[in-house]
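**Student:** Below you'll find structure.txt; it's compact mmCIF, C-alpha atoms.
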```
# COMPACT_ATOMS: atom_id res chain seq x y z
CA MET A 2 -239.75 150.91 -103.78
CA THR A 3 -237.74 153.31 -105.98
CA ASN A 4 -237.20 152.17 -109.56
CA PRO A 5 -233.45 152.52 -110.32
CA ASN A 6 -234.32 153.13 -113.99
CA THR A 7 -236.24 156.32 -113.20
CA PRO A 8 -235.21 159.48 -111.31
CA SER A 9 -236.18 159.59 -107.66
CA PRO A 10 -239.33 161.58 -106.86
CA ALA A 11 -237.22 164.34 -105.28
CA LEU A 12 -234.94 164.53 -108.29
CA LEU A 13 -237.80 164.56 -110.78
CA ALA A 14 -239.56 167.26 -108.74
CA TRP A 15 -236.38 169.37 -108.84
CA ALA A 16 -236.09 168.96 -112.61
CA SER A 17 -239.78 169.75 -113.07
CA ARG A 18 -239.41 172.99 -111.12
CA ALA A 19 -236.40 173.99 -113.21
CA LEU A 20 -238.25 173.23 -116.46
CA GLY A 21 -241.60 174.65 -115.39
CA ALA A 22 -243.37 171.40 -116.35
CA ARG A 23 -243.20 167.70 -115.50
CA PRO A 24 -241.30 165.82 -118.23
CA SER A 25 -241.40 162.18 -119.20
CA ALA A 26 -238.17 160.37 -118.32
CA LYS A 27 -236.32 157.65 -120.23
CA ASP A 28 -233.18 155.93 -118.95
CA VAL A 29 -230.33 156.45 -121.43
CA SER A 30 -227.41 155.59 -119.12
CA HIS A 31 -224.28 153.98 -120.47
CA PRO A 32 -223.95 150.27 -119.61
CA ARG A 33 -221.78 151.09 -116.61
CA GLU A 34 -222.57 150.81 -112.92
CA ASN A 35 -221.95 154.50 -112.20
CA SER A 36 -223.76 155.95 -115.26
CA ARG A 37 -227.10 157.61 -114.44
CA VAL A 38 -228.56 159.69 -117.27
CA TRP A 39 -232.18 160.25 -118.26
CA GLN A 40 -233.67 161.80 -121.36
CA LEU A 41 -236.39 164.25 -120.35
CA ASP A 42 -239.03 165.10 -122.92
CA LEU A 43 -241.54 167.90 -122.81
CA PRO A 44 -244.43 168.54 -125.24
CA ARG A 45 -243.51 169.84 -128.69
CA THR A 46 -240.37 167.65 -128.79
CA VAL A 47 -238.42 169.82 -126.35
CA ARG A 48 -235.66 167.59 -124.96
CA PHE A 49 -233.29 167.83 -122.01
CA TYR A 50 -230.98 165.45 -120.18
CA LEU A 51 -230.75 164.85 -116.45
CA LYS A 52 -227.36 163.58 -115.38
CA ILE A 53 -226.12 162.45 -111.97
CA SER A 54 -222.35 162.77 -111.65
CA PRO A 55 -220.61 159.67 -110.26
CA GLN A 56 -218.41 161.78 -107.99
CA ALA A 57 -218.45 165.28 -106.55
CA VAL A 58 -215.24 166.18 -108.39
CA MET A 59 -216.85 165.23 -111.71
CA TYR A 60 -219.91 167.32 -110.88
CA GLU A 61 -217.67 170.28 -110.09
CA ARG A 62 -215.62 169.84 -113.27
CA GLU A 63 -218.62 169.58 -115.56
CA THR A 64 -220.44 172.46 -113.89
CA LEU A 65 -217.36 174.68 -114.25
CA ALA A 66 -216.90 173.67 -117.90
CA LEU A 67 -220.51 174.30 -118.87
CA ARG A 68 -220.62 177.64 -117.09
CA SER A 69 -217.28 179.07 -118.12
CA ALA A 70 -215.69 177.38 -121.15
CA ALA A 71 -218.19 175.32 -123.15
CA PRO A 72 -220.29 178.36 -124.18
CA ALA A 73 -217.36 179.28 -126.45
CA LEU A 74 -218.32 176.32 -128.64
CA GLY A 75 -221.47 178.13 -129.74
CA ALA A 76 -225.06 176.96 -130.16
CA GLY A 77 -225.19 173.19 -130.55
CA GLY A 78 -221.46 172.80 -129.95
CA ALA A 79 -221.99 171.72 -126.34
CA PRO A 80 -224.88 171.30 -123.89
CA GLN A 81 -226.17 174.34 -122.07
CA LEU A 82 -226.52 174.04 -118.31
CA ARG A 83 -230.16 174.74 -117.46
CA ALA A 84 -229.79 174.01 -113.73
CA SER A 85 -227.55 172.17 -111.29
CA SER A 86 -227.93 170.72 -107.79
CA ALA A 87 -224.90 170.11 -105.59
CA GLU A 88 -227.17 168.19 -103.20
CA HIS A 89 -228.02 165.60 -105.85
CA LEU A 90 -224.82 166.03 -107.93
CA ALA A 91 -227.33 166.62 -110.72
CA LEU A 92 -227.07 168.58 -113.95
CA LEU A 93 -229.99 169.52 -116.16
CA LEU A 94 -228.70 169.93 -119.70
CA THR A 95 -230.05 170.93 -123.08
CA ALA A 96 -229.77 168.36 -125.85
CA VAL A 97 -226.98 168.61 -128.44
CA PRO A 98 -228.25 167.89 -131.97
CA GLY A 99 -227.51 164.53 -133.55
CA ARG A 100 -226.15 161.24 -132.26
CA PRO A 101 -222.75 160.08 -130.97
CA LEU A 102 -220.36 159.44 -133.83
CA LYS A 103 -219.67 155.99 -132.39
CA GLN A 104 -223.26 155.00 -133.27
CA LEU A 105 -223.16 156.26 -136.86
CA MET A 106 -222.08 154.72 -140.16
CA LEU A 107 -220.81 157.55 -142.33
CA ALA A 108 -218.97 157.85 -145.61
CA PRO A 109 -215.25 158.64 -145.16
CA ALA A 110 -215.69 162.19 -146.45
CA GLU A 111 -218.40 162.92 -143.91
CA GLU A 112 -216.36 161.33 -141.11
CA ALA A 113 -213.51 163.67 -142.01
CA ARG A 114 -215.94 166.61 -141.88
CA VAL A 115 -217.00 165.58 -138.38
CA HIS A 116 -213.41 165.35 -137.15
CA ARG A 117 -212.49 168.65 -138.78
CA GLN A 118 -215.30 170.36 -136.91
CA ALA A 119 -214.43 168.46 -133.73
CA GLY A 120 -210.88 169.79 -133.91
CA ALA A 121 -212.13 173.34 -134.44
CA LEU A 122 -214.39 173.03 -131.39
CA LEU A 123 -211.52 171.73 -129.28
CA ALA A 124 -209.42 174.72 -130.36
CA ARG A 125 -212.14 177.04 -129.08
CA LEU A 126 -212.48 175.11 -125.83
CA HIS A 127 -208.72 175.06 -125.24
CA ALA A 128 -208.59 178.84 -125.50
CA ALA A 129 -211.68 179.47 -123.38
CA GLY A 130 -210.59 178.75 -119.82
CA ASP A 131 -209.09 181.29 -117.43
CA LEU A 132 -205.57 179.90 -117.27
CA SER A 133 -204.20 181.97 -114.41
CA GLY A 134 -202.95 181.53 -110.86
CA PRO A 135 -203.36 178.05 -109.34
CA ARG A 136 -205.03 176.80 -112.54
CA ARG A 137 -201.90 177.48 -114.57
CA ALA A 138 -199.73 175.84 -111.93
CA LYS A 139 -201.92 172.74 -111.99
CA ALA A 140 -201.85 172.61 -115.79
CA GLU A 141 -198.07 172.92 -115.80
CA GLN A 142 -197.87 169.87 -113.50
CA ALA A 143 -200.33 167.78 -115.52
CA LEU A 144 -197.75 165.59 -117.27
CA HIS A 145 -195.87 164.99 -114.00
CA THR A 146 -199.16 164.06 -112.34
CA ALA A 147 -199.92 161.59 -115.13
CA ALA A 148 -196.44 160.08 -114.90
CA ASP A 149 -196.75 159.69 -111.13
CA GLY A 150 -199.65 157.29 -111.69
CA ALA A 151 -197.61 154.87 -113.80
CA GLU A 152 -196.39 152.62 -111.00
CA GLY A 153 -199.85 152.28 -109.51
CA HIS A 154 -201.29 151.22 -112.86
CA LEU A 155 -198.44 148.80 -113.51
CA ASP A 156 -198.86 147.24 -110.08
CA LYS A 157 -202.58 146.68 -110.67
CA ALA A 158 -202.01 145.33 -114.20
CA GLY A 159 -199.56 142.76 -112.88
CA ASP A 160 -198.69 139.99 -115.32
CA ARG A 161 -200.92 141.40 -118.06
CA LEU A 162 -197.73 143.14 -119.19
CA THR A 163 -194.42 141.46 -119.95
CA ALA A 164 -191.20 142.73 -118.34
CA PRO A 165 -190.16 144.54 -121.58
CA GLU A 166 -193.59 146.16 -121.78
CA GLN A 167 -193.36 147.33 -118.18
CA LYS A 168 -189.92 148.82 -118.90
CA LEU A 169 -191.26 150.65 -121.96
CA VAL A 170 -194.11 152.15 -119.96
CA ARG A 171 -191.72 153.27 -117.22
CA ASP A 172 -189.35 154.78 -119.78
CA LEU A 173 -192.11 156.68 -121.56
CA ALA A 174 -193.59 157.86 -118.27
CA GLY A 175 -190.14 159.08 -117.26
CA GLN A 176 -189.89 161.10 -120.46
CA LEU A 177 -193.06 162.97 -119.50
CA ARG A 178 -191.15 164.43 -116.55
CA THR A 179 -188.28 165.72 -118.72
CA LEU A 180 -190.22 167.48 -121.47
CA PRO A 181 -190.02 171.27 -121.74
CA PRO A 182 -193.16 173.35 -121.15
CA LEU A 183 -195.91 172.45 -123.62
CA PRO A 184 -199.01 174.43 -124.68
CA LEU A 185 -201.58 174.54 -121.89
CA ALA A 186 -205.36 174.51 -122.25
CA PHE A 187 -208.74 173.88 -120.72
CA ILE A 188 -209.30 170.38 -122.06
CA HIS A 189 -212.42 168.28 -122.56
CA GLY A 190 -210.67 165.30 -120.97
CA ASP A 191 -212.78 162.57 -122.60
CA ALA A 192 -212.62 163.55 -126.27
CA TRP A 193 -213.40 160.62 -128.55
CA ASP A 194 -216.19 159.20 -130.69
CA ARG A 195 -218.47 158.30 -127.78
CA ASN A 196 -218.75 161.94 -126.76
CA LEU A 197 -218.63 163.50 -130.23
CA MET A 198 -222.09 164.30 -131.59
CA TRP A 199 -222.94 164.70 -135.26
CA SER A 200 -226.14 166.05 -136.75
CA HIS A 201 -226.38 164.92 -140.37
CA VAL A 202 -229.32 167.24 -140.95
CA GLN A 203 -227.52 170.33 -139.64
CA GLN A 204 -224.05 169.12 -140.65
CA GLN A 205 -222.88 170.14 -137.18
CA ALA A 206 -220.60 168.56 -134.60
CA GLY A 207 -220.76 169.00 -130.83
CA TRP A 208 -219.09 167.68 -127.70
CA ILE A 209 -220.88 166.25 -124.65
CA ASP A 210 -219.84 164.84 -121.23
CA PHE A 211 -217.43 167.38 -119.73
CA GLU A 212 -217.05 165.58 -116.39
CA ARG A 213 -213.31 165.03 -116.94
CA SER A 214 -212.58 168.55 -118.18
CA ARG A 215 -209.71 170.37 -116.49
CA PHE A 216 -206.68 172.59 -117.00
CA ALA A 217 -203.84 170.51 -118.46
CA THR A 218 -201.55 170.28 -121.47
CA ALA A 219 -203.44 170.60 -124.74
CA VAL A 220 -202.04 167.33 -126.12
CA GLN A 221 -203.82 165.36 -123.39
CA ASP A 222 -207.09 165.93 -125.25
CA PHE A 223 -205.89 163.85 -128.22
CA VAL A 224 -204.86 160.67 -126.39
CA LEU A 225 -208.15 158.76 -126.63
CA MET A 226 -208.58 159.46 -130.34
CA ALA A 227 -204.94 158.53 -130.98
CA CYS A 228 -205.51 155.21 -129.19
CA SER A 229 -208.81 154.39 -130.91
CA THR A 230 -210.26 156.08 -133.99
CA TRP A 231 -207.02 157.39 -135.45
CA THR A 232 -205.26 154.02 -135.24
CA ASP A 233 -206.54 152.91 -138.65
CA ARG A 234 -207.59 156.32 -139.93
CA PRO A 235 -204.72 158.78 -140.37
CA ASP A 236 -207.07 160.81 -142.55
CA LEU A 237 -209.27 161.51 -139.52
CA ARG A 238 -206.24 162.54 -137.47
CA ALA A 239 -205.24 164.94 -140.25
CA ALA A 240 -208.78 166.32 -140.48
CA CYS A 241 -209.05 166.89 -136.73
CA LEU A 242 -205.71 168.68 -136.53
CA GLN A 243 -206.58 170.71 -139.60
CA GLY A 244 -209.71 171.89 -137.81
CA TYR A 245 -207.65 172.45 -134.66
CA GLY A 246 -205.50 174.85 -136.62
CA ARG A 247 -202.07 173.29 -136.12
CA ASN A 248 -200.16 170.03 -136.00
CA LEU A 249 -198.72 168.65 -132.79
CA THR A 250 -195.16 169.73 -132.12
CA PRO A 251 -192.39 167.09 -131.91
CA LYS A 252 -192.39 167.44 -128.10
CA GLU A 253 -196.17 167.02 -128.02
CA GLN A 254 -195.76 163.86 -130.12
CA LEU A 255 -193.38 162.51 -127.48
CA ALA A 256 -195.86 163.41 -124.77
CA LEU A 257 -198.63 161.69 -126.72
CA LYS A 258 -196.64 158.45 -126.78
CA GLY A 259 -196.08 158.57 -123.04
CA LEU A 260 -199.71 159.36 -122.34
CA ALA A 261 -200.79 156.57 -124.70
CA ALA A 262 -198.65 154.10 -122.76
CA LEU A 263 -200.34 155.15 -119.52
CA ASP A 264 -203.76 154.86 -121.16
CA ALA A 265 -202.87 151.37 -122.39
CA VAL A 266 -201.97 150.15 -118.90
CA SER A 267 -205.09 151.77 -117.46
CA CYS A 268 -207.17 149.93 -120.07
CA LEU A 269 -205.55 146.62 -119.14
CA VAL A 270 -206.53 147.27 -115.53
CA TRP A 271 -210.07 148.54 -116.02
CA GLY A 272 -211.08 146.46 -119.04
CA PRO A 273 -210.97 143.13 -117.17
CA LYS A 274 -212.31 144.72 -113.98
CA LEU A 275 -215.36 146.10 -115.82
CA ASP A 276 -215.63 143.02 -118.05
CA ASP A 277 -215.27 145.34 -121.05
CA PRO A 278 -213.39 143.55 -123.87
CA ASP A 279 -213.30 146.70 -126.02
CA VAL A 280 -211.37 148.64 -123.38
CA THR A 281 -209.01 145.72 -122.87
CA ALA A 282 -208.44 145.40 -126.61
CA ARG A 283 -207.70 149.12 -126.92
CA GLY A 284 -205.03 148.88 -124.26
CA ARG A 285 -203.44 145.78 -125.73
CA ARG A 286 -203.40 147.22 -129.24
CA THR A 287 -201.84 150.48 -128.11
CA LEU A 288 -199.17 148.64 -126.16
CA ASP A 289 -198.41 146.36 -129.13
CA ARG A 290 -198.03 149.39 -131.41
CA LEU A 291 -195.73 151.12 -128.94
CA MET A 292 -193.58 147.99 -128.63
CA ALA A 293 -193.39 147.70 -132.41
CA GLY A 294 -192.43 151.37 -132.74
CA VAL A 295 -195.35 152.18 -135.04
CA PHE A 296 -197.37 154.44 -132.75
CA ALA A 297 -197.66 157.88 -134.33
```
Please render this file's structure as structure tokens.

**Tutor:**
Amino acid sequence: MTNPNTPSPALLAWASRALGARPSAKDVSHPRENSRVWQLDLPRTVRFYLKISPQAVMYERETLALRSAAPALGAGGAPQLRASSAEHLALLLTAVPGRPLKQLMLAPAEEARVHRQAGALLARLHAAGDLSGPRRAKAEQALHTAADGAEGHLDKAGDRLTAPEQKLVRDLAGQLRTLPPLPLAFIHGDAWDRNLMWSHVQQQAGWIDFERSRFATAVQDFVLMACSTWTDRPDLRAACLQGYGRNLTPKEQLALKGLAALDAVSCLVWGPKLDDPDVTARGRRTLDRLMAGVFA
């Protein structure tokens, strides 16, 4: 019987061929049903990660990002793609130094340093993609696409939102359709503390998990941080945008509010479904801040 906590024999054989040696494997998946990630160690502390994408589209997105855009982040700024297998939806990745920021307890000054570097890396990533042809067209429609999902989320959330809250979400989603063209970019798509690495020894930040990367509006890469880390830490928001090289424009701020409302409703759908109180709490807090007019 196959052990679900270890790679299948075929998968491990594929990784061994790509590495030129058979590694030891340790399950380091997130506590989610569709997360399948193993740490692969070779002699002399050489470390890689074997990741199975939950869906083909995520495999395609991450493969594209790691081949075409993420190299712009430089050594240690993102994983390097050692090999990939469309058959297994598998990616063999180099390790990024450090640990996820979410797992670390840092002094405020060092936290600000991490976010400043994170912003600088996002600026490089945003400028790295080939934003031409159909990709530009898709990016230009990104806010409309997000707004189109509002009713579906609201329907699934049901009575978790009051009537005034539902109206606010609809109004903010509607504003996304009326905004003028905003800066476009190749975005990470899941940029927050869980995917932000920090090496205290090297004093270096890096981003991991590019499975939601895509061409979109640049502001969409700041939604998760605005709805989580930045809520109580305006200093970290300032540091990140300082590293990014510019502040958000007034129109981007409006877009951020609309996108935050959609994220809040999504959290109130998926948090209870996944039995994840942190996700639920994030959605509720964002919605409360939007209702109170204090979201910034």

**Student:** Counting all atoms listed in the file, what is within 8 Å of stretch 208-214 of chain A, bar same-chain residues fewer than 3 positions away, as a list of chain:residue names?

**Tutor:**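 Here the qualifying residues turn out to be A:Ser54, A:Met59, A:Tyr60, A:Glu61, A:Arg62, A:Glu63, A:Ala66, A:Leu67, A:Gly78, A:Ala79, A:Pro80, A:Val97, A:Ala119, A:Phe187, A:Ile188, A:His189, A:Gly190, A:Asp191, A:Ala192, A:Asn196, A:Leu197, A:Met198.
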
**Student:** Measuring atom to atom with only C-alpha atoms, identify which of A:Phe223, A:Asp277, A:Arg37, A:Arg18 is nearest to A:Asn6.

**Tutor:**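 Checking each of A:Phe223, A:Asp277, A:Arg37, A:Arg18 against A:Asn6, counting only C-alpha atoms, the winner is A:Arg37.
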
**Student:** Would you please work out which residue, of A:Thr95, A:Ser69, A:Gln205, A:Thr218, is nearest to A:Gln81 when using all atoms listed in the file?

**Tutor:** A:Thr95

**Student:** Can you pull out every residue within 12 Å of A:Pro235, counting all atoms listed in the file, but drop anything in the same chain fewer than 4 positions away, and send it as a list in words?

**Tutor:**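 Residues meeting the cut-off are Pro109, Glu112, Ala113, His116, Met226, Ala227, Cys228, Ser229, Thr230, Trp231, Ala239, Ala240, Cys241, Leu242, Phe296 and Ala297 of chain A.
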
**Student:** In the coordinates of the file, take the point (-193.6, 154.2, -117.6) and a cut-off of 7 Å; then, counting all atoms listed in the file, name each qualifying protein, DNA or RNA residue as a list in words.

**Tutor:**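 Here is the list of nearby residues: Ala151, Gln167, Lys168, Leu169, Val170, Arg171, Asp172, Leu173, Ala174 and Gly175 of chain A.
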
**Student:** Grab the atom CA of A:Ala219 to atom CA of A:Leu275 distance for me, in Å with one decimal place.

**Tutor:**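 Spanning atom CA of A:Ala219 to atom CA of A:Leu275 is a straight-line distance of 28.7 Å.
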
**Student:** What's the 7 Å shell around A:Val266, counting only C-alpha atoms, without same-chain residues fewer than 5 positions away, as a ChimeraX atom specification?

**Tutor:** /A:154-155,158,284

**Student:** Hey, can you check how far atom CA of A:Ala282 sits from atom CA of A:Cys268?

**Tutor:** 8.1 Å

**Student:** For each of A:Lys139, A:Arg114, A:Ala16, A:Gln56, take the minimum atom-to-atom distance to A:Ser86, counting all atoms listed in the file, then give the residue where this is smallest.

**Tutor:**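 That would be A:Ala16, the residue with the smallest distance to A:Ser86.
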
**Student:** I'd like to know which of A:Leu291, A:Gln118, A:Leu43, A:Ile53 is closest to A:Pro165, using only C-alpha atoms.

**Tutor:**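 Looking at the shortest contact to A:Pro165, the residue is A:Leu291.
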
**Student:** Record the distance separating atom CA of A:Ala293 and atom CA of A:Lys258, expressed in Å with one decimal.

**Tutor:**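 Computing the Euclidean distance for atom CA of A:Ala293 and atom CA of A:Lys258 yields 12.6 Å.
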
**Student:** Once 3 Å is added on each side, what centre and edge lengths in Å to one decimal does the axis-aligned box around all listed atoms of stretch 91-95 of chain A have, as lines of an AutoDock Vina configuration file?

**Tutor:**
```
center_x = -228.6
center_y = 168.8
center_z = -116.9
size_x = 9.0
size_y = 10.3
size_z = 18.4
```

**Student:** Would you list the residues near (-200.3, 166.2, -110.7) (no more than 12 Å away, in the coordinates of the file, using only C-alpha atoms) as a ChimeraX atom specification?

**Tutor:** /A:136,138-150,177-178,215-218

**Student:** Taking all atoms listed in the file into account, which of A:Leu237, A:Pro251, A:Gly207, A:Leu269 comes nearest A:Ala110?

**Tutor:** A:Leu237

**Student:** Pick out the residues sitting within 9 Å of A:Gln40, and hand them over as a list in words; count all atoms listed in the file, and ignore anything fewer than 3 positions along from it in its own chain.

**Tutor:** Ser25, Ala26, Lys27, Asp28, Val29, Arg48, Phe49, Tyr50, Leu51, Lys52 and Ala96 of chain A

**Student:** Hey, which of A:Arg161, A:Arg125, A:Lys252, A:Arg238 ends up closest to A:Thr179? Count only C-alpha atoms.

**Tutor:**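 Of A:Arg161, A:Arg125, A:Lys252, A:Arg238, the one nearest A:Thr179 is A:Lys252, counting only C-alpha atoms.
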
**Student:** Can you tell me, as a list in words, what residues are no more than 8 Å from A:Val224 when counting all atoms listed in the file, ignoring any on the same chain fewer than 2 positions away?

**Tutor:**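 Result of the neighbour search: Val220, Gln221, Asp222, Met226, Ala227, Cys228, Leu257, Leu260, Ala261 and Asp264 of chain A.
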